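What follows is a single structure, written as structure tokens, with notes after it.
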Amino acid sequence: MIQLEAVSKTYEMAEPLTVLKGVSLEIADNEFVAILGASGSGKSTMLHIMGLLDRPSSGSVHFRGTNTSALSDDDLSRVRGESIGFVFQSFHLIPHLTVAENVELPLFYLRAARRARRDAAMECLGAVQLGHRADHLPSELSGGERQRTAIARSLVANAPVVMADEPTGNLDTKTGDDIFDVFRRLHEDGRTVIVITHDVAVANRIPRTIKLSDGEVVEDTGPCS
Amino acid sequence: MQLDWMIELVRDGLRNLVRHRVRSTLTLLGVVFGIASVTTMIAVGEGAQRTVLREIEALGLKNIIMDSVKPTEVETARAGQQTSRSILGYGITEVDARQIAAISPESSVSVAHRVNQKIYSEGARVDADVLGVAPQYFNLFGSELLAGMRLAEMHEMLRHTVAVVTPDVAASLRGIGGAVGKEIKIGPKYFRVIGVMSVPGRTAGGTVFLPYATARAMFGTSTYKWESGSFEATRTEIGRLVVHTEHEDAVPGLAQAVARVLEMNHQTEDVSVTVPLDVLRSKQRTQRVFNIVLITIAAISLFVGGIGIMNIMLAIVMERTREIGIRRAVGARKQDVFMQFLVETVTLSSVGGALGVILGIVMMPIAASWTGWESVLTPWAVIAALVVSWTVGVVFGTAPAIRAARLDPVDALRYE
């Protein structure tokens with residue numbers, strides 16, 4: 001379970017900028033959640049905080065029962081590596097690593113043996129129908145294939161939570177639908193899937209929608225039974 | 001697992017190095033030249049050290065060597081040292097030898113008599129010095145018998161007209177083997193060559209050794225020269241005196257005592273004293289200065305090379321900011337990022353180090369011919385050069401690695 005309690009985030013600038021204003025919410029295990037909002041509504045910041053990439057200015061984040069404010073930077077990295085898989089709008093693959101090496105990366109930081117990493121990467125690439133592209137560079141793949149590579153990377157450490165920031169934003173409709181189907185399957189497999197989107201049509205296909213506006217939750221369709 | 005992990009970091013570092021060949025090569029140049037200088041310096045330094053040691057040890061580190069030298073005319077006139085019959089007497093005297101032997105009862109004193117005569121063999125002139133020596137003289141210099149036999153007490157006692165020659169002289173007498181048994185003419189007298197001996201150090205080169213007693217008896221202590229219408233008569237009682245101590249520690253004190261005896265007995269500078277131990281120390285001091293100069297040059301080169309590497313690595317960290325963000329997002333800890341960039345820098349500098357060692361080996365013969373010293377590459381020199389290159393990598397890679405590790409993951413992911 002992911003629990004946010006009165007989470008605020010303010011960026012210290014010449015004019016301090018508050019992006020999240022006292023957000024409280026709970027996401028249960030195996031939920032499929034859309035976080036919907038216009039550009040600048042604070043949805044990406046919320047994903048970074050829920051994904052333990054960033055810390056809130058105030059409030060607390062409990063990740064699967066642990067109050068993360070007490071965790072060190074190294075602990076947060078470990079939790080990210082073991083429990084959270086990220087999928088980004090612009091794929092965020094390392095250009096000079098092959099597809100398989102990109103997918104192996106989380107296991108590399110969990111100090112898995114080379115053979116085990118390769119086997120796990122090939123299995124995940126097979127699951128997204130990219131086994132035949134394992135030794136290609138990301139630049140040799142289409143947009144959809146790149147995003148499927150990023151999804152394979154988010155699965156390789158068997159993370160129970162997958163967080164995706166506008167995963168279909170850079171893809172055409174047909175490819176976007178294919179990718180969305182992959183997320184649906186991940187949810188059906190028992191994972192918690194959180195998708196950030198500005199697209200109402202995408203959000204409507206997801207059981208629970210949390211709508212953000214100007215850093216505040218303005219609508220939450222609530223946990224689905 | 002940790003080793004496996006480090007190997008992967010090194011592999012990744014090498015891959016990045018190959019990926020940007022031109023940039024890597026330019027970055028490495030400073031380190032390559034720095035390490036090449038270090039390698040050459042150590043090799044030439046080692047070679048010089050060995051050459052100097054060999055030369056000086058050949059003179060005998062436990063020896064004090066005195067040679068009679070003709071004083072300048074000004075000195076002679078000042079001292080009024082001309083004898084009544086216009087014979088110029090100079091150099092080491094029997095009195096000196098007795099007094100020096102008296103002040104160093106534990107040391108052995110050996111004398112040599114210099115003969116100023118021309119040498120001929122089968123009518124051809126042989127260019128060499130002639131020295132009358134006692135048999136034990138050769139023991140002082142670590143001489144080695146190459147052919148025939150040594151000078152012995154018997155030759156001394158019976159005043160045999162025999163000679164032992166150095167390889168240079170033997171070469172002009174039909175080779176080392178062929179020289180033994182040949183006759184040579186020294187002044188008006190004939191001598192039979194009975195042996196060939198290598199005599200390292202100062203006396204190396206063309207020298208003909210005769211039994212001391214024979215040389216004294218046949219040629220005396222005086223020399224007469226008629227040249228361009230002028231006549232010169234000189235007398236030297238002892239051409240060379242060698243004091244051999246039992247221990248190196250005794251040399252400095254004894255050298256001072258010998259200097260005092262000579263100062264008392266001689267008004268002119270007609271005896272030159274060589275203390276090989278002092279020469280060694282002086283050469284070692286020169287060597288140290290040479291090393292310091294080279295180390296400074298190498299250090300400056302490595303410093304500049306290191307700054308170059310640091311600059312490029314800082315630029316690489318900037319260029320790969322988003323990659324750092326991705327790595328942090330998938331679980332890399334700060335120290336993982338730190339290690340990745342440090343290992344990459346050390347890999348870069350190590351490759352530079354290896355290339356530098358190769359360039360150093362290529363430069364060694366050039367440096368050797370330029371300095372006139374031999375150069376010797378020891379495994380220690382290679383290890384030292386590589387350790388220096390690693391150190392450059394660690395020292396100059398730390399700042400970029402810290403910068404990479406400190407990047408905020410969210411900012412890094414957003415970096416365009």
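If you're wondering about the labels, chains in the structure tokens are A, B, ... by order shown, residues count from 1 in each chain, ligands from 1 in order shown.
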Chain A contacts to chain B at 9 Å (only C-alpha atoms) as an mmCIF file with N, CA and C atoms, in the first residue's frame:
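Result written to part.cif:
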data_model
loop_
_atom_site.group_PDB
_atom_site.id
_atom_site.type_symbol
_atom_site.label_atom_id
_atom_site.label_comp_id
_atom_site.auth_asym_id
_atom_site.auth_seq_id
_atom_site.Cartn_x
_atom_site.Cartn_y
_atom_site.Cartn_z
ATOM 1 N N THR A 45 5.181 15.502 -10.149
ATOM 2 C CA THR A 45 5.826 15.660 -8.834
ATOM 3 C C THR A 45 5.280 14.609 -7.867
ATOM 4 N N HIS A 48 6.868 11.326 -8.617
ATOM 5 C CA HIS A 48 8.252 11.265 -8.118
ATOM 6 C C HIS A 48 8.281 11.030 -6.611
ATOM 7 N N GLY A 51 7.066 7.549 -5.952
ATOM 8 C CA GLY A 51 8.097 6.615 -6.440
ATOM 9 C C GLY A 51 9.419 6.756 -5.707
ATOM 10 N N LEU A 52 9.441 7.552 -4.647
ATOM 11 C CA LEU A 52 10.610 7.725 -3.782
ATOM 12 C C LEU A 52 11.833 8.311 -4.507
ATOM 13 N N LEU A 53 11.564 9.016 -5.600
ATOM 14 C CA LEU A 53 12.653 9.722 -6.288
ATOM 15 C C LEU A 53 12.862 11.090 -5.652
ATOM 16 N N ASP A 54 11.839 11.573 -4.966
ATOM 17 C CA ASP A 54 11.887 12.907 -4.366
ATOM 18 C C ASP A 54 11.242 12.824 -2.983
ATOM 19 N N ASP A 73 19.009 7.966 1.878
ATOM 20 C CA ASP A 73 19.022 8.014 0.415
ATOM 21 C C ASP A 73 19.314 6.629 -0.180
ATOM 22 N N ASP A 74 20.263 5.909 0.462
ATOM 23 C CA ASP A 74 20.598 4.558 -0.019
ATOM 24 C C ASP A 74 19.410 3.616 0.139
ATOM 25 N N ASP A 75 18.695 3.748 1.280
ATOM 26 C CA ASP A 75 17.532 2.875 1.508
ATOM 27 C C ASP A 75 16.474 3.128 0.436
ATOM 28 N N LEU A 76 16.259 4.416 0.129
ATOM 29 C CA LEU A 76 15.264 4.756 -0.900
ATOM 30 C C LEU A 76 15.663 4.137 -2.248
ATOM 31 N N SER A 77 16.966 4.187 -2.547
ATOM 32 C CA SER A 77 17.442 3.589 -3.800
ATOM 33 C C SER A 77 17.154 2.087 -3.814
ATOM 34 N N ARG A 78 17.418 1.448 -2.670
ATOM 35 C CA ARG A 78 17.196 -0.004 -2.589
ATOM 36 C C ARG A 78 15.717 -0.320 -2.797
ATOM 37 N N VAL A 79 14.846 0.450 -2.127
ATOM 38 C CA VAL A 79 13.403 0.206 -2.265
ATOM 39 C C VAL A 79 12.975 0.424 -3.716
ATOM 40 N N ARG A 80 13.484 1.483 -4.329
ATOM 41 C CA ARG A 80 13.152 1.730 -5.747
ATOM 42 C C ARG A 80 13.563 0.542 -6.607
ATOM 43 N N GLY A 81 14.800 0.074 -6.384
ATOM 44 C CA GLY A 81 15.304 -1.034 -7.198
ATOM 45 C C GLY A 81 14.499 -2.302 -7.019
ATOM 46 N N GLU A 82 14.087 -2.562 -5.782
ATOM 47 C CA GLU A 82 13.415 -3.837 -5.492
ATOM 48 C C GLU A 82 11.922 -3.788 -5.763
ATOM 49 N N ILE A 84 9.882 -0.840 -7.186
ATOM 50 C CA ILE A 84 9.190 0.076 -8.100
ATOM 51 C C ILE A 84 9.813 -0.007 -9.497
ATOM 52 N N GLY A 85 8.940 -0.139 -10.471
ATOM 53 C CA GLY A 85 9.413 -0.074 -11.846
ATOM 54 C C GLY A 85 8.880 1.203 -12.482
ATOM 55 N N PHE A 86 9.764 1.967 -13.128
ATOM 56 C CA PHE A 86 9.333 3.229 -13.744
ATOM 57 C C PHE A 86 9.251 3.093 -15.260
ATOM 58 N N HIS A 92 13.373 6.938 -21.629
ATOM 59 C CA HIS A 92 14.538 6.966 -20.730
ATOM 60 C C HIS A 92 15.342 5.675 -20.772
ATOM 61 N N LEU A 93 15.755 5.312 -21.964
ATOM 62 C CA LEU A 93 16.685 4.179 -22.102
ATOM 63 C C LEU A 93 18.085 4.766 -22.261
ATOM 64 N N ILE A 94 19.086 4.017 -21.818
ATOM 65 C CA ILE A 94 20.466 4.521 -21.958
ATOM 66 C C ILE A 94 20.932 4.189 -23.375
ATOM 67 N N PRO A 95 21.236 5.210 -24.173
ATOM 68 C CA PRO A 95 21.423 4.993 -25.614
ATOM 69 C C PRO A 95 22.577 4.066 -25.986
ATOM 70 N N HIS A 96 23.657 4.032 -25.155
ATOM 71 C CA HIS A 96 24.803 3.206 -25.580
ATOM 72 C C HIS A 96 24.746 1.781 -25.047
ATOM 73 N N LEU A 105 19.427 -3.456 -16.086
ATOM 74 C CA LEU A 105 19.972 -2.425 -15.198
ATOM 75 C C LEU A 105 19.510 -2.497 -13.727
ATOM 76 N N PRO A 106 18.210 -2.636 -13.440
ATOM 77 C CA PRO A 106 17.811 -2.702 -12.025
ATOM 78 C C PRO A 106 18.484 -3.867 -11.295
ATOM 79 N N LEU A 107 18.657 -5.002 -12.001
ATOM 80 C CA LEU A 107 19.286 -6.167 -11.362
ATOM 81 C C LEU A 107 20.781 -5.924 -11.148
ATOM 82 N N PHE A 108 21.377 -5.120 -12.027
ATOM 83 C CA PHE A 108 22.793 -4.775 -11.875
ATOM 84 C C PHE A 108 23.010 -4.091 -10.526
ATOM 85 N N TYR A 109 22.081 -3.163 -10.188
ATOM 86 C CA TYR A 109 22.229 -2.448 -8.916
ATOM 87 C C TYR A 109 21.753 -3.256 -7.723
ATOM 88 N N LEU A 110 21.077 -4.375 -7.986
ATOM 89 C CA LEU A 110 20.745 -5.305 -6.894
ATOM 90 C C LEU A 110 21.825 -6.374 -6.773
ATOM 91 N N ARG A 111 22.923 -6.167 -7.528
ATOM 92 C CA ARG A 111 24.098 -7.044 -7.498
ATOM 93 C C ARG A 111 23.777 -8.484 -7.901
ATOM 94 N N ALA A 112 22.871 -8.641 -8.867
ATOM 95 C CA ALA A 112 22.576 -9.988 -9.368
ATOM 96 C C ALA A 112 23.721 -10.433 -10.276
ATOM 97 N N ALA A 113 23.923 -11.743 -10.347
ATOM 98 C CA ALA A 113 24.996 -12.271 -11.193
ATOM 99 C C ALA A 113 24.660 -12.026 -12.667
ATOM 100 N N ARG A 114 25.694 -11.965 -13.472
ATOM 101 C CA ARG A 114 25.521 -11.604 -14.883
ATOM 102 C C ARG A 114 24.565 -12.547 -15.609
ATOM 103 N N ARG A 153 12.048 -3.402 -18.515
ATOM 104 C CA ARG A 153 12.990 -2.987 -17.463
ATOM 105 C C ARG A 153 12.261 -2.827 -16.121
ATOM 106 N N SER A 154 11.032 -2.301 -16.177
ATOM 107 C CA SER A 154 10.301 -2.084 -14.927
ATOM 108 C C SER A 154 9.851 -3.404 -14.294
#
For B:Val304, work out the shell of residues within 10 Å, counting only C-alpha atoms and skipping chain neighbours fewer than 6 positions away, then give it as a short mmCIF file (atom, residue, chain, number, x, y, z; two decimals) with all heavy atoms, in the first residue's frame.
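Listed below is the output, around_11.cif:
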data_model
loop_
_atom_site.label_atom_id
_atom_site.label_comp_id
_atom_site.auth_asym_id
_atom_site.auth_seq_id
_atom_site.Cartn_x
_atom_site.Cartn_y
_atom_site.Cartn_z
N LEU B 29 46.38 12.09 -23.82
CA LEU B 29 47.73 12.48 -24.23
C LEU B 29 48.61 12.92 -23.06
O LEU B 29 49.75 12.51 -22.95
CB LEU B 29 47.67 13.58 -25.29
CG LEU B 29 47.36 13.08 -26.71
CD1 LEU B 29 47.35 14.23 -27.69
CD2 LEU B 29 48.39 12.03 -27.15
N GLY B 30 48.04 13.77 -22.20
CA GLY B 30 48.81 14.28 -21.06
C GLY B 30 49.32 13.15 -20.19
O GLY B 30 50.50 13.12 -19.80
N VAL B 31 48.43 12.19 -19.91
CA VAL B 31 48.82 11.07 -19.05
C VAL B 31 49.84 10.19 -19.78
O VAL B 31 50.83 9.76 -19.18
CB VAL B 31 47.58 10.23 -18.65
CG1 VAL B 31 47.98 9.01 -17.85
CG2 VAL B 31 46.62 11.08 -17.86
N GLY B 34 53.12 11.95 -19.61
CA GLY B 34 53.58 11.97 -18.22
C GLY B 34 54.12 10.62 -17.81
O GLY B 34 55.22 10.51 -17.26
N ALA B 298 57.76 15.26 -14.97
CA ALA B 298 56.72 14.24 -15.11
C ALA B 298 55.49 14.63 -14.30
O ALA B 298 54.35 14.46 -14.75
CB ALA B 298 57.26 12.89 -14.64
N MET B 310 40.07 15.44 -15.77
CA MET B 310 39.00 15.93 -14.88
C MET B 310 38.01 16.79 -15.68
O MET B 310 36.79 16.64 -15.52
CB MET B 310 39.60 16.73 -13.73
CG MET B 310 38.58 17.13 -12.68
SD MET B 310 39.33 17.63 -11.15
CE MET B 310 39.95 19.21 -11.61
#
Problem - For stretch 246-248 of chain B: contacts at 9 Å, only C-alpha atoms, fewer than 6 positions along chain excluded, given as a ChimeraX atom specification - result: /B:61-63,106-108,277
Keeping only N, CA and C atoms, write those residues as a PDB file, in the first residue's frame.
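Now in out.pdb:
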ATOM      1  N   LEU B  61      85.188   0.397  -3.258  1.00  0.00           N
ATOM      2  CA  LEU B  61      84.623   1.371  -2.312  1.00  0.00           C
ATOM      3  C   LEU B  61      85.412   1.429  -1.010  1.00  0.00           C
ATOM      4  N   LYS B  62      86.290   0.412  -0.792  1.00  0.00           N
ATOM      5  CA  LYS B  62      87.087   0.417   0.437  1.00  0.00           C
ATOM      6  C   LYS B  62      88.490   0.990   0.173  1.00  0.00           C
ATOM      7  N   ASN B  63      88.692   1.488  -1.061  1.00  0.00           N
ATOM      8  CA  ASN B  63      90.033   1.985  -1.435  1.00  0.00           C
ATOM      9  C   ASN B  63      90.138   3.507  -1.358  1.00  0.00           C
ATOM     10  N   GLU B 106      95.602  -1.193  10.172  1.00  0.00           N
ATOM     11  CA  GLU B 106      94.671  -2.269   9.791  1.00  0.00           C
ATOM     12  C   GLU B 106      94.500  -2.323   8.267  1.00  0.00           C
ATOM     13  N   SER B 107      94.944  -1.298   7.577  1.00  0.00           N
ATOM     14  CA  SER B 107      94.733  -1.247   6.131  1.00  0.00           C
ATOM     15  C   SER B 107      95.968  -1.777   5.399  1.00  0.00           C
ATOM     16  N   SER B 108      95.740  -2.236   4.172  1.00  0.00           N
ATOM     17  CA  SER B 108      96.897  -2.663   3.381  1.00  0.00           C
ATOM     18  C   SER B 108      97.228  -1.559   2.383  1.00  0.00           C
ATOM     19  N   LEU B 277      84.381   6.080  -2.611  1.00  0.00           N
ATOM     20  CA  LEU B 277      83.157   6.204  -1.814  1.00  0.00           C
ATOM     21  C   LEU B 277      82.589   7.627  -1.923  1.00  0.00           C
TER      22      LEU B 277
END
Problem - Non-local contacts of stretch 56-68 of chain A (12 Å; only C-alpha atoms; under 5 positions in same chain excluded) as number ranges by chain - result: A: 1-12, 16-30, 45-51, 73-80, 83-84, 160-161, 192
Go ahead and write the residues just picked, C-alpha atoms, as a JSON list (two decimals), in the first residue's frame.
[["chain", "number", "residue", "atom", "x", "y", "z"],
["A", 1, "MET", "CA", 0.00, 0.00, 0.00],
["A", 2, "ILE", "CA", 1.13, 3.55, -0.79],
["A", 3, "GLN", "CA", -0.13, 6.21, 1.58],
["A", 4, "LEU", "CA", 0.36, 9.96, 1.28],
["A", 5, "GLU", "CA", -0.48, 12.11, 4.33],
["A", 6, "ALA", "CA", -0.77, 15.87, 3.86],
["A", 7, "VAL", "CA", 2.05, 15.84, 1.33],
["A", 8, "SER", "CA", 3.22, 19.26, 0.12],
["A", 9, "LYS", "CA", 6.07, 20.10, -2.17],
["A", 10, "THR", "CA", 7.50, 23.57, -2.48],
["A", 11, "TYR", "CA", 10.45, 24.46, -4.71],
["A", 12, "GLU", "CA", 12.66, 27.12, -3.18],
["A", 16, "PRO", "CA", 8.77, 29.84, -3.72],
["A", 17, "LEU", "CA", 6.62, 27.58, -5.88],
["A", 18, "THR", "CA", 4.22, 25.14, -4.18],
["A", 19, "VAL", "CA", 3.42, 22.31, -6.56],
["A", 20, "LEU", "CA", 1.57, 19.94, -4.19],
["A", 21, "LYS", "CA", -0.67, 21.27, -1.43],
["A", 22, "GLY", "CA", -1.44, 18.88, 1.41],
["A", 23, "VAL", "CA", -2.32, 15.84, -0.70],
["A", 24, "SER", "CA", -3.57, 12.80, 1.19],
["A", 25, "LEU", "CA", -4.50, 9.52, -0.48],
["A", 26, "GLU", "CA", -4.08, 5.78, -0.28],
["A", 27, "ILE", "CA", -3.41, 3.32, -3.06],
["A", 28, "ALA", "CA", -3.92, -0.30, -2.14],
["A", 29, "ASP", "CA", -1.89, -3.24, -3.46],
["A", 30, "ASN", "CA", -2.96, -4.45, -6.91],
["A", 45, "THR", "CA", 5.83, 15.66, -8.83],
["A", 46, "MET", "CA", 3.36, 13.39, -7.07],
["A", 47, "LEU", "CA", 4.64, 10.38, -9.04],
["A", 48, "HIS", "CA", 8.25, 11.26, -8.12],
["A", 49, "ILE", "CA", 7.28, 11.48, -4.45],
["A", 50, "MET", "CA", 5.24, 8.25, -4.52],
["A", 51, "GLY", "CA", 8.10, 6.62, -6.44],
["A", 73, "ASP", "CA", 19.02, 8.01, 0.42],
["A", 74, "ASP", "CA", 20.60, 4.56, -0.02],
["A", 75, "ASP", "CA", 17.53, 2.87, 1.51],
["A", 76, "LEU", "CA", 15.26, 4.76, -0.90],
["A", 77, "SER", "CA", 17.44, 3.59, -3.80],
["A", 78, "ARG", "CA", 17.20, 0.00, -2.59],
["A", 79, "VAL", "CA", 13.40, 0.21, -2.26],
["A", 80, "ARG", "CA", 13.15, 1.73, -5.75],
["A", 83, "SER", "CA", 9.83, -2.59, -5.48],
["A", 84, "ILE", "CA", 9.19, 0.08, -8.10],
["A", 160, "PRO", "CA", 5.21, -5.15, -7.26],
["A", 161, "VAL", "CA", 4.56, -1.50, -8.22],
["A", 192, "THR", "CA", -0.07, -2.13, -8.54]]
Exercise for the section: Output as a count of residues only all residues of stretch 159-404 of chain B that backbone DSSP marks as alpha helix (DSSP H). Expected result: 152
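Interatomic distance, atom CA of A:Thr209 to atom CA of A:Ser69: 26.1 Å.
Coordinates place atom CA of B:Tyr90 at a distance of 7.4 Å from atom CA of B:Val69.
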Problem - Spatial neighbours of B:Leu59, 12 Å, only C-alpha atoms, chain gap at least 2 places, as a PyMOL selection string - result: chain B and resi 52-57+61-66+137-143+199-204+242-244+274-280
Next, write the just-selected residues to a file, as a compact mmCIF listing (two decimals), in the first residue's frame, keeping N, CA, C and O atoms as the atom set.
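part-v5.txt, freshly written:
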# COMPACT_ATOMS: atom_id res chain seq x y z
N VAL B 52 77.08 3.85 -12.72
CA VAL B 52 77.92 4.55 -11.74
C VAL B 52 78.41 3.58 -10.68
O VAL B 52 79.60 3.54 -10.34
N LEU B 53 77.48 2.76 -10.19
CA LEU B 53 77.85 1.80 -9.14
C LEU B 53 78.95 0.87 -9.64
O LEU B 53 79.92 0.62 -8.93
N ARG B 54 78.75 0.38 -10.88
CA ARG B 54 79.71 -0.57 -11.43
C ARG B 54 81.08 0.08 -11.56
O ARG B 54 82.10 -0.48 -11.14
N GLU B 55 81.08 1.31 -12.11
CA GLU B 55 82.35 2.01 -12.32
C GLU B 55 83.06 2.26 -11.00
O GLU B 55 84.26 2.06 -10.86
N ILE B 56 82.26 2.70 -10.02
CA ILE B 56 82.88 3.10 -8.76
C ILE B 56 83.24 1.89 -7.92
O ILE B 56 84.28 1.85 -7.29
N GLU B 57 82.37 0.86 -7.99
CA GLU B 57 82.70 -0.35 -7.24
C GLU B 57 83.96 -0.99 -7.80
O GLU B 57 84.71 -1.63 -7.08
N LEU B 61 85.19 0.40 -3.26
CA LEU B 61 84.62 1.37 -2.31
C LEU B 61 85.41 1.43 -1.01
O LEU B 61 85.26 2.34 -0.23
N LYS B 62 86.29 0.41 -0.79
CA LYS B 62 87.09 0.42 0.44
C LYS B 62 88.49 0.99 0.17
O LYS B 62 89.35 0.93 1.03
N ASN B 63 88.69 1.49 -1.06
CA ASN B 63 90.03 1.99 -1.43
C ASN B 63 90.14 3.51 -1.36
O ASN B 63 89.14 4.20 -1.54
N ILE B 64 91.37 3.95 -1.10
CA ILE B 64 91.69 5.38 -1.30
C ILE B 64 92.87 5.36 -2.29
O ILE B 64 93.88 4.69 -2.04
N ILE B 65 92.68 6.02 -3.41
CA ILE B 65 93.68 5.92 -4.48
C ILE B 65 94.41 7.26 -4.62
O ILE B 65 93.77 8.30 -4.78
N MET B 66 95.74 7.20 -4.53
CA MET B 66 96.53 8.43 -4.71
C MET B 66 97.39 8.29 -5.96
O MET B 66 98.00 7.22 -6.16
N TYR B 137 98.07 -6.05 -6.02
CA TYR B 137 97.43 -4.84 -6.57
C TYR B 137 96.11 -5.18 -7.27
O TYR B 137 95.11 -4.49 -7.14
N PHE B 138 96.13 -6.30 -8.00
CA PHE B 138 94.94 -6.68 -8.78
C PHE B 138 93.75 -7.03 -7.89
O PHE B 138 92.61 -6.89 -8.29
N ASN B 139 94.04 -7.50 -6.68
CA ASN B 139 92.94 -7.89 -5.77
C ASN B 139 92.11 -6.68 -5.36
O ASN B 139 90.94 -6.80 -5.03
N LEU B 140 92.75 -5.51 -5.37
CA LEU B 140 92.05 -4.30 -4.90
C LEU B 140 90.94 -3.87 -5.86
O LEU B 140 90.02 -3.18 -5.49
N PHE B 141 91.06 -4.27 -7.12
CA PHE B 141 90.12 -3.76 -8.12
C PHE B 141 89.21 -4.83 -8.73
O PHE B 141 88.57 -4.59 -9.74
N GLY B 142 89.21 -5.99 -8.13
CA GLY B 142 88.33 -7.04 -8.65
C GLY B 142 88.71 -7.43 -10.07
O GLY B 142 87.85 -7.62 -10.92
N SER B 143 90.01 -7.54 -10.32
CA SER B 143 90.46 -7.90 -11.68
C SER B 143 90.20 -9.37 -11.96
O SER B 143 90.12 -10.19 -11.06
N VAL B 199 90.96 -5.12 -15.97
CA VAL B 199 91.13 -4.27 -14.79
C VAL B 199 90.09 -3.16 -14.87
O VAL B 199 90.29 -2.16 -15.56
N PRO B 200 88.94 -3.34 -14.23
CA PRO B 200 87.88 -2.33 -14.36
C PRO B 200 88.24 -1.02 -13.64
O PRO B 200 89.19 -0.95 -12.89
N GLY B 201 87.39 -0.04 -13.90
CA GLY B 201 87.55 1.23 -13.19
C GLY B 201 88.59 2.12 -13.84
O GLY B 201 88.80 2.10 -15.04
N ARG B 202 89.26 2.91 -13.01
CA ARG B 202 90.18 3.94 -13.51
C ARG B 202 91.30 3.40 -14.38
O ARG B 202 91.72 4.06 -15.31
N THR B 203 91.77 2.21 -14.01
CA THR B 203 92.92 1.70 -14.75
C THR B 203 92.50 0.94 -16.00
O THR B 203 93.32 0.36 -16.67
N ALA B 204 91.23 0.92 -16.26
CA ALA B 204 90.77 0.23 -17.46
C ALA B 204 91.33 0.94 -18.69
O ALA B 204 91.71 2.10 -18.64
N VAL B 242 97.73 2.85 -3.25
CA VAL B 242 96.33 2.50 -2.96
C VAL B 242 96.25 1.98 -1.53
O VAL B 242 97.01 1.08 -1.14
N VAL B 243 95.39 2.61 -0.74
CA VAL B 243 95.17 2.14 0.63
C VAL B 243 93.85 1.39 0.64
O VAL B 243 92.83 1.93 0.19
N HIS B 244 93.90 0.17 1.11
CA HIS B 244 92.69 -0.65 1.12
C HIS B 244 92.28 -0.91 2.56
O HIS B 244 93.04 -1.48 3.35
N THR B 274 91.81 10.08 -4.89
CA THR B 274 90.46 9.68 -5.29
C THR B 274 89.90 8.76 -4.22
O THR B 274 90.52 7.74 -3.90
N VAL B 275 88.77 9.18 -3.66
CA VAL B 275 88.08 8.30 -2.71
C VAL B 275 86.80 7.80 -3.41
O VAL B 275 85.84 8.55 -3.52
N PRO B 276 86.82 6.58 -3.93
CA PRO B 276 85.65 6.10 -4.69
C PRO B 276 84.34 6.26 -3.93
O PRO B 276 83.30 6.56 -4.53
N LEU B 277 84.38 6.08 -2.61
CA LEU B 277 83.16 6.20 -1.81
C LEU B 277 82.59 7.63 -1.92
O LEU B 277 81.38 7.83 -2.06
N ASP B 278 83.52 8.62 -1.87
CA ASP B 278 83.09 10.02 -2.02
C ASP B 278 82.54 10.26 -3.41
O ASP B 278 81.54 10.95 -3.60
N VAL B 279 83.24 9.68 -4.41
CA VAL B 279 82.81 9.84 -5.80
C VAL B 279 81.40 9.25 -5.95
O VAL B 279 80.52 9.85 -6.56
N LEU B 280 81.21 8.08 -5.34
CA LEU B 280 79.89 7.42 -5.41
C LEU B 280 78.83 8.33 -4.82
O LEU B 280 77.78 8.56 -5.41
Practice task
Name the residues of stretch 101-176 of chain B that fall into strand (DSSP E or B) according to DSSP on the backbone, using the chain letters and numbers of this document, as a list in words.
Solution key: Ser108, Val109, Ser110, Val111, Ala112, His113, Arg114, Val115, Ile119, Tyr120, Ser121, Ala124, Arg125, Val126, Asp129, Val130, Leu131, Gly132, Val133, Glu144, Leu145, Leu146, Ala147, Gly148, Val162, Ala163, Val164 and Val165 of chain B
Practice task
Write out as a PyMOL selection string which residues come within 10 Å of B:Ala257 when counting only C-alpha atoms, dropping same-chain ones fewer than 5 positions away.
Solution key: chain B and resi 100+103-104+251-252+262-263
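A straight line drawn from atom CA of B:Leu294 to atom CA of B:Arg23 is 28.1 Å long.
In terms of minimum interatomic distance to B:Arg21, B:Leu348 ranks closest within B:Val395, B:Ile119, B:Leu348, B:Leu342, counting only C-alpha atoms.
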Handout entry: B:Arg114 environment, 7 Å, only C-alpha atoms, sequence neighbours closer than 5 positions dropped, as a ChimeraX atom specification
Key = /B:130-132,239
Residue subset to file, keeping C-alpha atoms, as a PDB file, in the first residue's frame:
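Contents of out_31.pdb, freshly written:
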ATOM      1  CA  VAL B 130     103.011   1.079 -18.155  1.00  0.00           C
ATOM      2  CA  LEU B 131     102.585   0.393 -14.466  1.00  0.00           C
ATOM      3  CA  GLY B 132     104.803  -1.610 -12.142  1.00  0.00           C
ATOM      4  CA  GLY B 239     103.299   6.632  -9.235  1.00  0.00           C
TER       5      GLY B 239
END
